[in-house]
>>> print(open('structure.cif').read())   # mmCIF, C-alpha atoms and all ligand atoms
data_input
loop_
_atom_site.label_atom_id
_atom_site.label_comp_id
_atom_site.auth_asym_id
_atom_site.auth_seq_id
_atom_site.Cartn_x
_atom_site.Cartn_y
_atom_site.Cartn_z
CA MET A 617 327.55 106.32 -93.58
CA PRO A 618 324.47 104.09 -93.42
CA ASP A 619 322.47 104.26 -96.64
CA GLN A 620 319.15 104.77 -94.89
CA TYR A 621 319.84 108.50 -94.60
CA HIS A 622 318.84 110.90 -97.33
CA ILE A 623 321.57 112.96 -98.90
CA GLN A 624 320.85 116.21 -97.01
CA THR A 625 321.19 114.33 -93.73
CA LYS A 626 324.39 112.66 -94.90
CA LEU A 627 325.82 116.07 -95.82
CA LEU A 628 325.67 116.99 -92.12
CA HIS A 629 325.87 113.70 -90.26
CA ASN A 630 328.83 111.92 -91.79
CA ASN A 631 331.99 110.48 -90.29
CA GLN A 632 333.45 113.99 -90.07
CA LYS A 633 330.61 115.32 -87.93
CA ILE A 634 332.55 115.24 -84.69
CA HIS A 635 336.33 115.23 -84.35
CA GLN A 636 337.12 112.11 -82.31
CA GLU A 637 339.80 113.59 -80.05
CA THR A 638 338.32 116.99 -79.24
CA GLY A 639 334.62 116.82 -80.02
CA ALA A 640 334.98 119.75 -82.45
CA VAL A 641 331.94 119.94 -84.74
CA SER A 642 333.93 121.49 -87.57
CA VAL A 643 336.78 119.55 -89.19
CA PRO A 644 340.10 120.85 -87.79
CA ILE A 645 342.50 122.38 -90.30
CA HIS A 646 345.72 120.43 -89.91
CA HIS A 647 348.51 122.69 -91.08
CA SER A 648 351.12 119.99 -90.99
CA SER A 649 353.28 118.94 -93.91
CA THR A 650 354.70 115.92 -92.11
CA PHE A 651 353.71 113.58 -89.28
CA HIS A 652 355.80 112.06 -86.52
CA GLN A 653 356.21 108.30 -86.82
CA TYR A 654 355.92 106.58 -83.46
CA SER A 655 357.45 103.37 -84.69
CA PHE A 656 360.75 102.77 -86.44
CA ASP A 657 359.31 99.70 -88.12
CA GLY A 658 355.84 100.72 -89.19
CA PHE A 659 354.54 104.15 -90.24
CA GLY A 660 351.18 105.54 -89.19
CA GLU A 661 348.22 106.46 -91.36
CA TYR A 662 349.78 109.82 -92.25
CA ASP A 663 353.41 110.35 -93.16
CA TYR A 664 353.85 113.25 -95.61
CA ALA A 665 351.00 115.58 -96.52
CA ARG A 666 351.27 115.27 -100.29
CA GLY A 667 350.22 111.67 -99.83
CA SER A 668 347.56 112.42 -97.28
CA ASN A 669 346.48 114.93 -94.65
CA PRO A 670 343.55 114.54 -92.20
CA THR A 671 341.72 117.68 -93.38
CA ARG A 672 341.98 116.77 -97.03
CA ARG A 673 341.11 113.17 -96.16
CA ALA A 674 337.89 114.33 -94.49
CA LEU A 675 336.79 115.97 -97.76
CA GLU A 676 337.88 112.93 -99.78
CA ASP A 677 335.87 110.60 -97.56
CA VAL A 678 332.77 112.79 -97.75
CA ILE A 679 332.79 113.04 -101.56
CA ALA A 680 333.45 109.30 -101.93
CA ASP A 681 330.42 108.60 -99.74
CA LEU A 682 328.19 111.09 -101.57
CA GLU A 683 329.08 109.64 -104.98
CA GLY A 684 328.67 106.06 -103.78
CA GLY A 685 332.36 105.38 -104.37
CA SER A 686 335.11 103.83 -102.28
CA ARG A 687 337.84 106.48 -102.60
CA GLY A 688 337.89 110.22 -103.13
CA PHE A 689 340.79 112.46 -104.14
CA ALA A 690 341.04 116.22 -103.72
CA PHE A 691 343.02 118.25 -106.24
CA ALA A 692 344.18 121.85 -106.59
CA SER A 693 341.57 122.47 -109.32
CA GLY A 694 339.05 120.68 -111.48
CA MET A 695 341.62 120.64 -114.28
CA ALA A 696 344.21 119.10 -111.93
CA ALA A 697 341.75 116.27 -111.18
CA ILE A 698 340.89 115.80 -114.86
CA SER A 699 344.45 115.93 -116.19
CA THR A 700 345.73 113.59 -113.46
CA ALA A 701 342.97 111.08 -114.25
CA PHE A 702 343.99 111.15 -117.94
CA MET A 703 347.36 109.78 -116.78
CA PHE A 704 345.70 106.37 -116.55
CA LEU A 705 346.47 106.35 -120.29
CA SER A 706 349.74 105.54 -122.03
CA LYS A 707 351.40 106.51 -125.28
CA GLY A 708 349.51 105.02 -128.21
CA ASP A 709 346.12 105.01 -126.47
CA HIS A 710 343.03 106.65 -127.91
CA ILE A 711 340.13 108.53 -126.26
CA VAL A 712 336.56 108.91 -127.48
CA ILE A 713 335.39 112.20 -126.01
CA THR A 714 332.25 114.30 -126.09
CA GLU A 715 332.53 117.15 -128.57
CA ASP A 716 331.08 119.74 -126.22
CA VAL A 717 333.47 119.03 -123.41
CA TYR A 718 334.56 121.77 -120.98
CA GLY A 719 336.99 124.18 -122.70
CA GLY A 720 339.92 123.41 -120.38
CA THR A 721 339.51 119.67 -120.95
CA TYR A 722 339.37 120.35 -124.70
CA ARG A 723 342.65 122.24 -124.42
CA PHE A 724 344.34 119.48 -122.39
CA VAL A 725 343.23 116.70 -124.75
CA THR A 726 344.05 118.55 -127.98
CA GLN A 727 347.25 120.36 -126.96
CA VAL A 728 348.85 118.33 -124.17
CA LEU A 729 347.85 114.67 -124.59
CA THR A 730 348.51 114.76 -128.35
CA LYS A 731 352.14 115.73 -127.58
CA LEU A 732 352.43 112.60 -125.43
CA GLY A 733 351.15 110.37 -128.23
CA ILE A 734 347.63 109.98 -126.81
CA ASP A 735 345.07 110.56 -129.54
CA HIS A 736 341.35 111.37 -129.45
CA THR A 737 338.17 111.52 -131.50
CA PHE A 738 335.37 113.96 -130.69
CA VAL A 739 331.86 112.55 -130.95
CA ASP A 740 328.28 113.59 -130.42
CA MET A 741 327.91 111.60 -127.18
CA THR A 742 324.09 111.67 -127.52
CA ASN A 743 324.43 109.51 -130.63
CA GLU A 744 325.33 106.02 -129.42
CA LYS A 745 325.79 104.61 -132.93
CA GLU A 746 328.35 107.29 -133.68
CA VAL A 747 330.16 106.63 -130.38
CA GLU A 748 330.45 102.93 -131.10
CA SER A 749 331.61 103.55 -134.68
CA LYS A 750 334.49 105.77 -133.46
CA ILE A 751 335.97 103.15 -131.13
CA GLN A 752 339.33 101.87 -132.35
CA ALA A 753 341.44 98.89 -131.32
CA ASN A 754 343.51 101.23 -129.10
CA THR A 755 340.57 103.11 -127.52
CA LYS A 756 341.00 102.95 -123.74
CA LEU A 757 338.66 105.63 -122.51
CA ILE A 758 335.26 107.19 -123.19
CA TYR A 759 334.95 110.62 -121.62
CA LEU A 760 331.53 112.10 -120.89
CA GLU A 761 330.07 115.24 -119.46
CA THR A 762 326.33 115.46 -118.94
CA PRO A 763 324.56 117.84 -119.13
CA SER A 764 327.12 119.21 -121.52
CA ASN A 765 328.58 122.65 -121.42
CA PRO A 766 327.15 125.06 -122.52
CA THR A 767 324.38 123.57 -124.70
CA LEU A 768 323.07 121.16 -122.01
CA LYS A 769 322.95 118.05 -124.18
CA ILE A 770 322.13 114.85 -122.29
CA THR A 771 324.24 111.73 -122.63
CA ASN A 772 322.66 108.39 -121.80
CA ILE A 773 325.25 107.32 -119.23
CA LYS A 774 324.14 103.66 -118.98
CA ALA A 775 324.14 103.21 -122.75
CA ILE A 776 327.66 104.66 -123.10
CA VAL A 777 328.93 102.55 -120.18
CA ALA A 778 327.56 99.43 -121.95
CA ILE A 779 329.46 100.35 -125.12
CA ALA A 780 332.62 101.00 -123.10
CA LYS A 781 332.41 97.69 -121.28
CA ALA A 782 331.85 95.80 -124.53
CA HIS A 783 335.11 97.30 -125.82
CA ASN A 784 337.11 97.10 -122.59
CA CYS A 785 337.28 100.86 -122.16
CA LEU A 786 337.17 102.93 -119.03
CA THR A 787 334.54 105.66 -118.65
CA PHE A 788 335.12 109.01 -116.95
CA CYS A 789 332.23 111.37 -116.24
CA ASP A 790 332.51 115.05 -115.36
CA ASN A 791 329.65 115.48 -112.86
CA THR A 792 330.25 119.18 -112.13
CA PHE A 793 326.88 120.43 -113.39
CA LEU A 794 324.58 118.15 -111.37
CA THR A 795 326.69 116.99 -108.40
CA PRO A 796 325.89 113.75 -106.51
CA VAL A 797 322.78 115.44 -105.16
CA PHE A 798 321.12 115.01 -108.57
CA GLN A 799 323.20 112.43 -110.45
CA ARG A 800 325.46 109.57 -109.34
CA PRO A 801 327.42 108.25 -112.33
CA LEU A 802 329.20 105.47 -110.36
CA ASP A 803 325.80 103.87 -109.71
CA LEU A 804 325.33 103.80 -113.51
CA GLY A 805 328.63 102.00 -114.06
CA VAL A 806 331.05 104.88 -114.68
CA ASP A 807 334.64 104.22 -113.51
CA VAL A 808 335.84 107.67 -112.46
CA VAL A 809 333.70 110.67 -111.51
CA LEU A 810 335.35 114.08 -111.85
CA HIS A 811 334.40 117.45 -110.42
CA SER A 812 335.32 121.03 -110.49
CA ALA A 813 334.56 121.66 -106.80
CA THR A 814 335.11 125.34 -107.64
CA LYS A 815 331.49 125.27 -108.79
CA PHE A 816 328.46 123.89 -106.90
CA LEU A 817 330.32 121.77 -104.33
CA GLY A 818 332.24 124.75 -102.94
CA GLY A 819 329.37 126.95 -104.03
CA HIS A 820 330.49 130.38 -102.84
CA SER A 821 332.98 131.59 -105.50
CA ASP A 822 335.76 131.54 -102.92
CA VAL A 823 337.82 128.45 -103.73
CA VAL A 824 339.34 126.63 -106.73
CA ALA A 825 339.31 122.86 -106.21
CA GLY A 826 338.84 119.54 -107.97
CA LEU A 827 337.68 116.08 -106.90
CA ALA A 828 337.80 112.58 -108.32
CA VAL A 829 335.99 109.48 -107.07
CA THR A 830 336.44 105.80 -107.88
CA LYS A 831 334.50 102.73 -106.77
CA ASP A 832 336.76 99.90 -107.96
CA GLU A 833 339.57 99.16 -105.45
CA GLU A 834 342.28 98.71 -108.07
CA LEU A 835 341.37 101.90 -109.95
CA GLY A 836 341.39 103.70 -106.61
CA ARG A 837 344.86 102.40 -105.85
CA GLN A 838 346.11 103.54 -109.26
CA LEU A 839 344.56 106.98 -108.89
CA ALA A 840 346.09 107.36 -105.41
CA PHE A 841 349.47 106.64 -107.01
CA LEU A 842 348.89 109.27 -109.75
CA HIS A 843 347.57 111.80 -107.21
CA ASN A 844 350.71 111.47 -105.12
CA SER A 845 353.02 111.29 -108.16
CA PHE A 846 351.69 114.48 -109.76
CA GLY A 847 351.21 116.18 -106.45
CA ALA A 848 348.47 118.56 -107.63
CA ILE A 849 346.79 118.21 -104.23
CA LEU A 850 344.28 120.51 -102.54
CA GLY A 851 345.57 122.55 -99.60
CA VAL A 852 344.01 122.28 -96.16
CA GLN A 853 342.30 125.69 -96.05
CA ASP A 854 340.68 125.03 -99.41
CA SER A 855 339.69 121.50 -98.34
CA TRP A 856 337.92 123.04 -95.37
CA LEU A 857 336.10 125.58 -97.55
CA VAL A 858 334.76 122.81 -99.79
CA LEU A 859 333.67 120.82 -96.71
CA ARG A 860 331.85 123.90 -95.45
CA GLY A 861 330.19 124.42 -98.83
CA LEU A 862 329.04 120.80 -98.99
CA LYS A 863 326.87 121.16 -95.88
CA THR A 864 324.39 123.30 -97.81
CA LEU A 865 324.83 121.59 -101.19
CA GLN A 866 321.37 120.11 -101.39
CA VAL A 867 319.45 123.18 -100.27
CA ARG A 868 321.44 125.33 -102.67
CA MET A 869 320.96 122.90 -105.57
CA ASN A 870 317.23 122.56 -104.93
CA ALA A 871 316.61 126.30 -104.72
CA SER A 872 318.78 127.17 -107.73
CA SER A 873 317.33 124.40 -109.92
CA THR A 874 313.75 125.39 -109.14
CA ALA A 875 314.58 128.96 -110.08
CA ALA A 876 316.47 127.86 -113.22
CA GLU A 877 313.44 125.93 -114.42
CA GLU A 878 311.23 128.96 -113.94
CA ILE A 879 313.67 131.27 -115.73
CA ALA A 880 314.13 128.83 -118.64
CA ASN A 881 310.37 128.63 -119.16
CA TRP A 882 310.08 132.40 -118.95
CA LEU A 883 312.91 133.03 -121.45
CA ALA A 884 311.44 130.46 -123.86
CA LYS A 885 308.33 132.66 -124.18
CA ARG A 886 310.25 135.82 -125.07
CA ASN A 887 310.40 136.84 -128.75
CA GLU A 888 313.87 138.38 -128.42
CA VAL A 889 315.34 134.99 -127.47
CA LYS A 890 316.08 132.64 -130.37
CA ALA A 891 316.67 129.46 -128.35
CA VAL A 892 316.79 128.25 -124.75
CA TYR A 893 318.81 125.19 -123.74
CA TYR A 894 317.63 123.54 -120.54
CA PRO A 895 316.95 119.82 -119.99
CA GLY A 896 313.75 120.63 -118.10
CA LEU A 897 312.06 122.23 -121.11
CA LYS A 898 309.30 120.19 -122.78
CA ASN A 899 311.00 120.24 -126.18
CA HIS A 900 314.52 119.33 -124.94
CA PRO A 901 315.59 116.18 -126.80
CA GLY A 902 317.30 114.73 -123.71
CA LYS A 903 314.44 115.32 -121.27
CA GLU A 904 313.39 111.69 -121.00
CA ILE A 905 316.89 110.28 -120.43
CA GLN A 906 317.56 113.06 -117.95
CA GLY A 907 314.44 112.00 -116.04
CA GLN A 908 315.74 108.43 -115.86
CA GLN A 909 319.32 109.09 -114.74
CA ALA A 910 319.09 112.29 -112.71
CA SER A 911 316.69 113.64 -110.12
CA SER A 912 316.69 117.24 -111.40
CA HIS A 913 317.60 119.33 -114.42
CA GLY A 914 320.14 121.45 -112.60
CA ALA A 915 320.78 125.14 -112.12
CA VAL A 916 322.47 125.95 -115.43
CA LEU A 917 320.81 126.98 -118.67
CA SER A 918 321.90 128.68 -121.86
CA PHE A 919 320.03 130.96 -124.21
CA GLU A 920 320.75 132.50 -127.54
CA PHE A 921 320.11 135.88 -129.12
CA PRO A 922 319.99 136.27 -132.90
CA THR A 923 322.90 138.74 -132.92
CA LYS A 924 326.05 139.55 -131.00
CA GLU A 925 324.84 143.17 -130.63
CA MET A 926 321.72 142.08 -128.76
CA THR A 927 323.80 139.78 -126.59
CA LYS A 928 326.18 142.58 -125.67
CA ALA A 929 323.31 144.97 -124.94
CA PHE A 930 321.58 142.40 -122.72
CA VAL A 931 324.76 141.80 -120.71
CA GLU A 932 325.21 145.57 -120.31
CA ASN A 933 321.58 146.02 -119.27
CA VAL A 934 321.24 143.35 -116.57
CA LYS A 935 321.97 144.46 -113.03
CA LEU A 936 321.86 141.39 -110.78
CA PRO A 937 324.04 138.64 -112.32
CA VAL A 938 327.79 138.74 -112.03
CA PHE A 939 329.21 138.71 -115.58
CA ALA A 940 332.04 136.24 -115.16
CA VAL A 941 333.69 132.94 -115.94
CA SER A 942 332.48 130.12 -113.64
CA LEU A 943 329.16 128.80 -112.42
CA GLY A 944 327.61 127.07 -109.45
CA ALA A 945 327.67 129.86 -106.90
CA VAL A 946 325.27 131.52 -104.48
CA GLU A 947 325.20 134.54 -106.77
CA THR A 948 323.79 134.21 -110.28
CA ILE A 949 326.56 134.16 -112.88
CA LEU A 950 326.11 135.12 -116.51
CA SER A 951 328.86 133.95 -118.86
CA TYR A 952 329.71 134.43 -122.50
CA PRO A 953 331.04 131.02 -123.58
CA ALA A 954 332.47 132.28 -126.89
CA THR A 955 335.20 134.24 -125.11
CA MET A 956 335.11 132.69 -121.64
CA SER A 957 334.78 128.91 -121.11
CA HIS A 958 335.33 128.17 -124.81
CA GLY A 959 337.76 130.97 -125.60
CA SER A 960 340.51 128.42 -126.20
CA MET A 961 338.47 126.60 -128.86
CA PRO A 962 339.03 127.55 -132.53
CA GLU A 963 336.05 129.54 -133.90
CA GLU A 964 335.12 126.92 -136.47
CA GLU A 965 334.98 124.16 -133.81
CA ARG A 966 333.07 126.43 -131.46
CA LEU A 967 330.38 127.28 -134.03
CA LYS A 968 330.03 123.60 -134.97
CA ARG A 969 329.09 122.96 -131.33
CA GLY A 970 326.38 125.63 -131.36
CA ILE A 971 328.46 128.05 -129.26
CA THR A 972 327.57 131.07 -131.33
CA ASP A 973 328.31 134.75 -130.74
CA GLY A 974 324.73 135.08 -129.44
CA LEU A 975 324.93 132.40 -126.75
CA LEU A 976 324.89 133.21 -123.03
CA ARG A 977 325.11 130.73 -120.16
CA LEU A 978 323.30 131.38 -116.92
CA SER A 979 324.10 129.70 -113.62
CA VAL A 980 321.24 130.54 -111.31
CA GLY A 981 322.14 131.44 -107.74
CA LEU A 982 320.05 132.02 -104.64
CA GLU A 983 318.50 135.44 -105.34
CA ASP A 984 314.71 135.64 -105.26
CA VAL A 985 313.67 134.37 -108.68
CA ASN A 986 311.14 137.19 -109.08
CA ASP A 987 313.94 139.74 -108.82
CA LEU A 988 315.98 137.88 -111.42
CA ILE A 989 313.07 137.68 -113.85
CA ALA A 990 312.25 141.37 -113.32
CA ASP A 991 315.87 142.23 -114.03
CA PHE A 992 315.91 140.13 -117.23
CA GLU A 993 312.62 141.67 -118.29
CA GLN A 994 313.90 145.23 -118.03
CA ALA A 995 317.10 144.22 -119.86
CA LEU A 996 315.13 142.59 -122.69
CA ASN A 997 312.68 145.46 -122.93
CA ALA A 998 315.59 147.87 -123.35
CA LEU A 999 317.00 145.97 -126.35
C1 LIG B 1001 335.07 124.69 -114.29
C2 LIG B 1001 334.94 123.35 -114.88
C3 LIG B 1001 336.05 122.49 -114.98
C4 LIG B 1001 337.44 122.91 -114.55
O1 LIG B 1001 337.53 123.13 -113.20
P1 LIG B 1001 338.56 124.17 -112.50
O2 LIG B 1001 338.25 124.05 -111.07
O3 LIG B 1001 338.24 125.52 -113.09
O4 LIG B 1001 339.93 123.74 -112.88
C5 LIG B 1001 335.84 121.22 -115.49
N1 LIG B 1001 334.63 120.81 -115.91
C6 LIG B 1001 333.55 121.61 -115.85
C7 LIG B 1001 332.24 121.11 -116.33
C8 LIG B 1001 333.67 122.90 -115.34
O5 LIG B 1001 332.60 123.70 -115.29
#
>>> encode(input="structure.cif", output="structure tokens")
Amino acid sequence: MPDQYHIQTKLLHNNQKIHQETGAVSVPIHHSSTFHQYSFDGFGEYDYARGSNPTRRALEDVIADLEGGSRGFAFASGMAAISTAFMFLSKGDHIVITEDVYGGTYRFVTQVLTKLGIDHTFVDMTNEKEVESKIQANTKLIYLETPSNPTLKITNIKAIVAIAKAHNCLTFCDNTFLTPVFQRPLDLGVDVVLHSATKFLGGHSDVVAGLAVTKDEELGRQLAFLHNSFGAILGVQDSWLVLRGLKTLQVRMNASSTAAEEIANWLAKRNEVKAVYYPGLKNHPGKEIQGQQASSHGAVLSFEFPTKEMTKAFVENVKLPVFAVSLGAVETILSYPATMSHGSMPEEERLKRGITDGLLRLSVGLEDVNDLIADFEQALNAL
């Protein structure tokens, strides 16, 4: 797609806009596991659907374009994308990884990769000196996630990429929280961008999916090989659902982020609330870097009550949010990281990361923000 278009235009007017053969304005769902080969000597673009399928390919092309990459890959879940990308590594390699990484990634790195002889060190990714000091001779990868989950810490992507390049390491960035609408890590030098498309990209709590994007041709070739080798591919119906969700990505992100900012500022003024984590707040330590590398603060915030009892009462008192695992949907989702996203993390590690028994994460949806604030107000007043 020509770069002169803004992202909301590109979301609608991309190469998938009109199906070449039929003129269909919605990408056809090709339920075909294999494809007839017209020539004995040379196969066509599609042969077997694990390798590629036109519906999945449409999604892969769209995400590659949105992220400013050259190749996209669609997986059965965010974790399928993340774990497949880790297979760039070999026995004996070492990873430097952000300490407040998504819980499923934490589980994969600590309980699966260690069994394969791939080691790791957790770091505070906002502290560049610490990151550099933890690099070993066998470090092959620096893994970032910004804003981090659930305490919304901001990593300086360019600074970490510079450290990685100086030490010949790859960088992976989980871009689930901001999406390419607000942050494009490949433009900042990251090698592989990863997504849980289950969240904002799909956006409607109706599909589990993952995406990966590369810019470098050789890395793209290697990831295509791993994608096909593991086979954790996204099905055609789910590919179509993510494509459908993407059309409204920017309007959803804009509306939810504006509301999140308002709610964060409102919560910060309430006496019952001990702390609010949101990169748009004046006192957030990462605010300046966020302003340089992203065009918004996003739709997710976290806040903390002094006690578990208050937290429980608040959750029981609110009426509008869904109380659930997940984020990035049209409906507002309230989560309890201690037992949900970070339930697989040992308590001691969890508390070290500020994920206390009083912490709640809020992913703001598309409800009228005044209704959300009124709901939170009655829930707080009832404490
Ligand atoms: C949900 C999530 C994942 C995992 O994605 P699934 O689609 O649930 O497998 C990875 N990273 C982040 C930041 C997430 O929120």
>>> closest_residue(input="structure.cif", among="A:Ala690, A:Leu943, A:Val678, A:Ile905", to="ligand LIG 1001 (chain B)", atoms="all atoms listed in the file")
A:Leu943
>>> closest_atom_pairs(input="structure.cif", of="chain A", to="ligand LIG 1001 (chain B)", cutoff="10 Å", atoms="all atoms listed in the file", output="JSON lines")
{"residue": "A:Phe691", "atom": "CA", "partner": "B:LIG1001", "partner_atom": "O2", "distance": 8.9}
{"residue": "A:Ala692", "atom": "CA", "partner": "B:LIG1001", "partner_atom": "O2", "distance": 7.8}
{"residue": "A:Ser693", "atom": "CA", "partner": "B:LIG1001", "partner_atom": "O2", "distance": 4.1}
{"residue": "A:Gly694", "atom": "CA", "partner": "B:LIG1001", "partner_atom": "O1", "distance": 3.4}
{"residue": "A:Met695", "atom": "CA", "partner": "B:LIG1001", "partner_atom": "O4", "distance": 3.8}
{"residue": "A:Ala696", "atom": "CA", "partner": "B:LIG1001", "partner_atom": "O4", "distance": 6.4}
{"residue": "A:Ala697", "atom": "CA", "partner": "B:LIG1001", "partner_atom": "O4", "distance": 7.9}
{"residue": "A:Ile698", "atom": "CA", "partner": "B:LIG1001", "partner_atom": "C5", "distance": 7.4}
{"residue": "A:Ser699", "atom": "CA", "partner": "B:LIG1001", "partner_atom": "O4", "distance": 9.6}
{"residue": "A:Val717", "atom": "CA", "partner": "B:LIG1001", "partner_atom": "C7", "distance": 7.5}
{"residue": "A:Tyr718", "atom": "CA", "partner": "B:LIG1001", "partner_atom": "N1", "distance": 5.2}
{"residue": "A:Gly719", "atom": "CA", "partner": "B:LIG1001", "partner_atom": "C5", "distance": 7.9}
{"residue": "A:Gly720", "atom": "CA", "partner": "B:LIG1001", "partner_atom": "C4", "distance": 6.4}
{"residue": "A:Thr721", "atom": "CA", "partner": "B:LIG1001", "partner_atom": "C5", "distance": 6.8}
{"residue": "A:Tyr722", "atom": "CA", "partner": "B:LIG1001", "partner_atom": "C5", "distance": 9.9}
{"residue": "A:Glu761", "atom": "CA", "partner": "B:LIG1001", "partner_atom": "C7", "distance": 7.0}
{"residue": "A:Thr762", "atom": "CA", "partner": "B:LIG1001", "partner_atom": "C7", "distance": 8.6}
{"residue": "A:Pro763", "atom": "CA", "partner": "B:LIG1001", "partner_atom": "C7", "distance": 8.8}
{"residue": "A:Ser764", "atom": "CA", "partner": "B:LIG1001", "partner_atom": "C7", "distance": 7.5}
{"residue": "A:Asn765", "atom": "CA", "partner": "B:LIG1001", "partner_atom": "C7", "distance": 6.5}
{"residue": "A:Pro766", "atom": "CA", "partner": "B:LIG1001", "partner_atom": "C7", "distance": 8.9}
{"residue": "A:Cys789", "atom": "CA", "partner": "B:LIG1001", "partner_atom": "C7", "distance": 9.7}
{"residue": "A:Asp790", "atom": "CA", "partner": "B:LIG1001", "partner_atom": "C7", "distance": 6.1}
{"residue": "A:Asn791", "atom": "CA", "partner": "B:LIG1001", "partner_atom": "C7", "distance": 7.1}
{"residue": "A:Thr792", "atom": "CA", "partner": "B:LIG1001", "partner_atom": "C7", "distance": 5.0}
{"residue": "A:Phe793", "atom": "CA", "partner": "B:LIG1001", "partner_atom": "C7", "distance": 6.2}
{"residue": "A:Leu794", "atom": "CA", "partner": "B:LIG1001", "partner_atom": "C7", "distance": 9.6}
{"residue": "A:Leu810", "atom": "CA", "partner": "B:LIG1001", "partner_atom": "N1", "distance": 7.9}
{"residue": "A:His811", "atom": "CA", "partner": "B:LIG1001", "partner_atom": "N1", "distance": 6.4}
{"residue": "A:Ser812", "atom": "CA", "partner": "B:LIG1001", "partner_atom": "O1", "distance": 4.1}
{"residue": "A:Ala813", "atom": "CA", "partner": "B:LIG1001", "partner_atom": "O2", "distance": 6.1}
{"residue": "A:Thr814", "atom": "CA", "partner": "B:LIG1001", "partner_atom": "O2", "distance": 4.8}
{"residue": "A:Lys815", "atom": "CA", "partner": "B:LIG1001", "partner_atom": "C1", "distance": 6.6}
{"residue": "A:Phe816", "atom": "CA", "partner": "B:LIG1001", "partner_atom": "O5", "distance": 9.4}
{"residue": "A:Val823", "atom": "CA", "partner": "B:LIG1001", "partner_atom": "O2", "distance": 8.6}
{"residue": "A:Val824", "atom": "CA", "partner": "B:LIG1001", "partner_atom": "O2", "distance": 5.2}
{"residue": "A:Ala825", "atom": "CA", "partner": "B:LIG1001", "partner_atom": "O2", "distance": 5.1}
{"residue": "A:Gly826", "atom": "CA", "partner": "B:LIG1001", "partner_atom": "O2", "distance": 5.5}
{"residue": "A:Leu827", "atom": "CA", "partner": "B:LIG1001", "partner_atom": "O2", "distance": 9.0}
{"residue": "A:Val941", "atom": "CA", "partner": "B:LIG1001", "partner_atom": "C1", "distance": 8.5}
{"residue": "A:Ser942", "atom": "CA", "partner": "B:LIG1001", "partner_atom": "C1", "distance": 6.1}
{"residue": "A:Leu943", "atom": "CA", "partner": "B:LIG1001", "partner_atom": "O5", "distance": 6.8}
{"residue": "A:Gly944", "atom": "CA", "partner": "B:LIG1001", "partner_atom": "O5", "distance": 8.4}
{"residue": "A:Ser957", "atom": "CA", "partner": "B:LIG1001", "partner_atom": "C1", "distance": 8.0}
>>> closest_residue(input="structure.cif", among="A:Asn772, A:Ser951, A:Gln752, A:Gln636", to="His710 (chain A)", atoms="only C-alpha atoms")
A:Gln752
>>> atom_distance(input="structure.cif", atom1="CA of Glu748 (chain A)", atom2="CA of Pro801 (chain A)")
19.7 Å
>>> closest_residue(input="structure.cif", among="A:Ile645, A:Val808, A:Ile623, A:Ile879", to="Arg860 (chain A)", atoms="all atoms listed in the file")
A:Ile645
>>> residues_near_point(input="structure.cif", point="(343.0, 126.6, -125.2)", cutoff="8 Å", atoms="only C-alpha atoms", output="list in words")
Gly719, Gly720, Tyr722, Arg723, Phe724, Gln727, His958, Gly959, Ser960 and Met961 of chain A
>>> closest_residue(input="structure.cif", among="A:His913, A:Lys769, A:Lys707, A:Lys633", to="His736 (chain A)", atoms="all atoms listed in the file")
A:Lys707
>>> atom_distance(input="structure.cif", atom1="CA of Gln866 (chain A)", atom2="CA of Gly685 (chain A)")
18.6 Å
>>> residues_around(input="structure.cif", residues="region 954-956 of chain A", least_positions_apart="4", cutoff="7 Å", atoms="all atoms listed in the file", output="PyMOL selection string")
chain A and resi 941+971-973
>>> residues_around(input="structure.cif", residues="region 977-991 of chain A", least_positions_apart="5", cutoff="6 Å", atoms="all atoms listed in the file", output="list of chain:residue names")
A:Ser872, A:Ala875, A:Ala876, A:Ala915, A:Val916, A:Leu917, A:Ser918, A:Leu943, A:Ala945, A:Val946, A:Glu947, A:Thr948, A:Ile949, A:Leu950, A:Ser951
>>> atom_distance(input="structure.cif", atom1="CA of Val725 (chain A)", atom2="CA of Leu705 (chain A)")
11.7 Å
>>> residues_around(input="structure.cif", residues="Asp740 (chain A)", least_positions_apart="4", cutoff="12 Å", atoms="only C-alpha atoms", output="JSON list (two decimals) with C-alpha atoms, keeping the file's coordinate frame")
[["chain", "number", "residue", "atom", "x", "y", "z"],
["A", 712, "VAL", "CA", 336.56, 108.91, -127.48],
["A", 713, "ILE", "CA", 335.39, 112.20, -126.01],
["A", 714, "THR", "CA", 332.25, 114.30, -126.09],
["A", 715, "GLU", "CA", 332.53, 117.15, -128.57],
["A", 716, "ASP", "CA", 331.08, 119.74, -126.22],
["A", 717, "VAL", "CA", 333.47, 119.03, -123.41],
["A", 744, "GLU", "CA", 325.33, 106.02, -129.42],
["A", 745, "LYS", "CA", 325.79, 104.61, -132.93],
["A", 746, "GLU", "CA", 328.35, 107.29, -133.68],
["A", 747, "VAL", "CA", 330.16, 106.63, -130.38],
["A", 748, "GLU", "CA", 330.45, 102.93, -131.10],
["A", 749, "SER", "CA", 331.61, 103.55, -134.68],
["A", 750, "LYS", "CA", 334.49, 105.77, -133.46],
["A", 758, "ILE", "CA", 335.26, 107.19, -123.19],
["A", 759, "TYR", "CA", 334.95, 110.62, -121.62],
["A", 760, "LEU", "CA", 331.53, 112.10, -120.89],
["A", 761, "GLU", "CA", 330.07, 115.24, -119.46],
["A", 762, "THR", "CA", 326.33, 115.46, -118.94],
["A", 764, "SER", "CA", 327.12, 119.21, -121.52],
["A", 769, "LYS", "CA", 322.95, 118.05, -124.18],
["A", 770, "ILE", "CA", 322.13, 114.85, -122.29],
["A", 771, "THR", "CA", 324.24, 111.73, -122.63],
["A", 772, "ASN", "CA", 322.66, 108.39, -121.80],
["A", 776, "ILE", "CA", 327.66, 104.66, -123.10],
["A", 968, "LYS", "CA", 330.03, 123.60, -134.97],
["A", 969, "ARG", "CA", 329.09, 122.96, -131.33]]
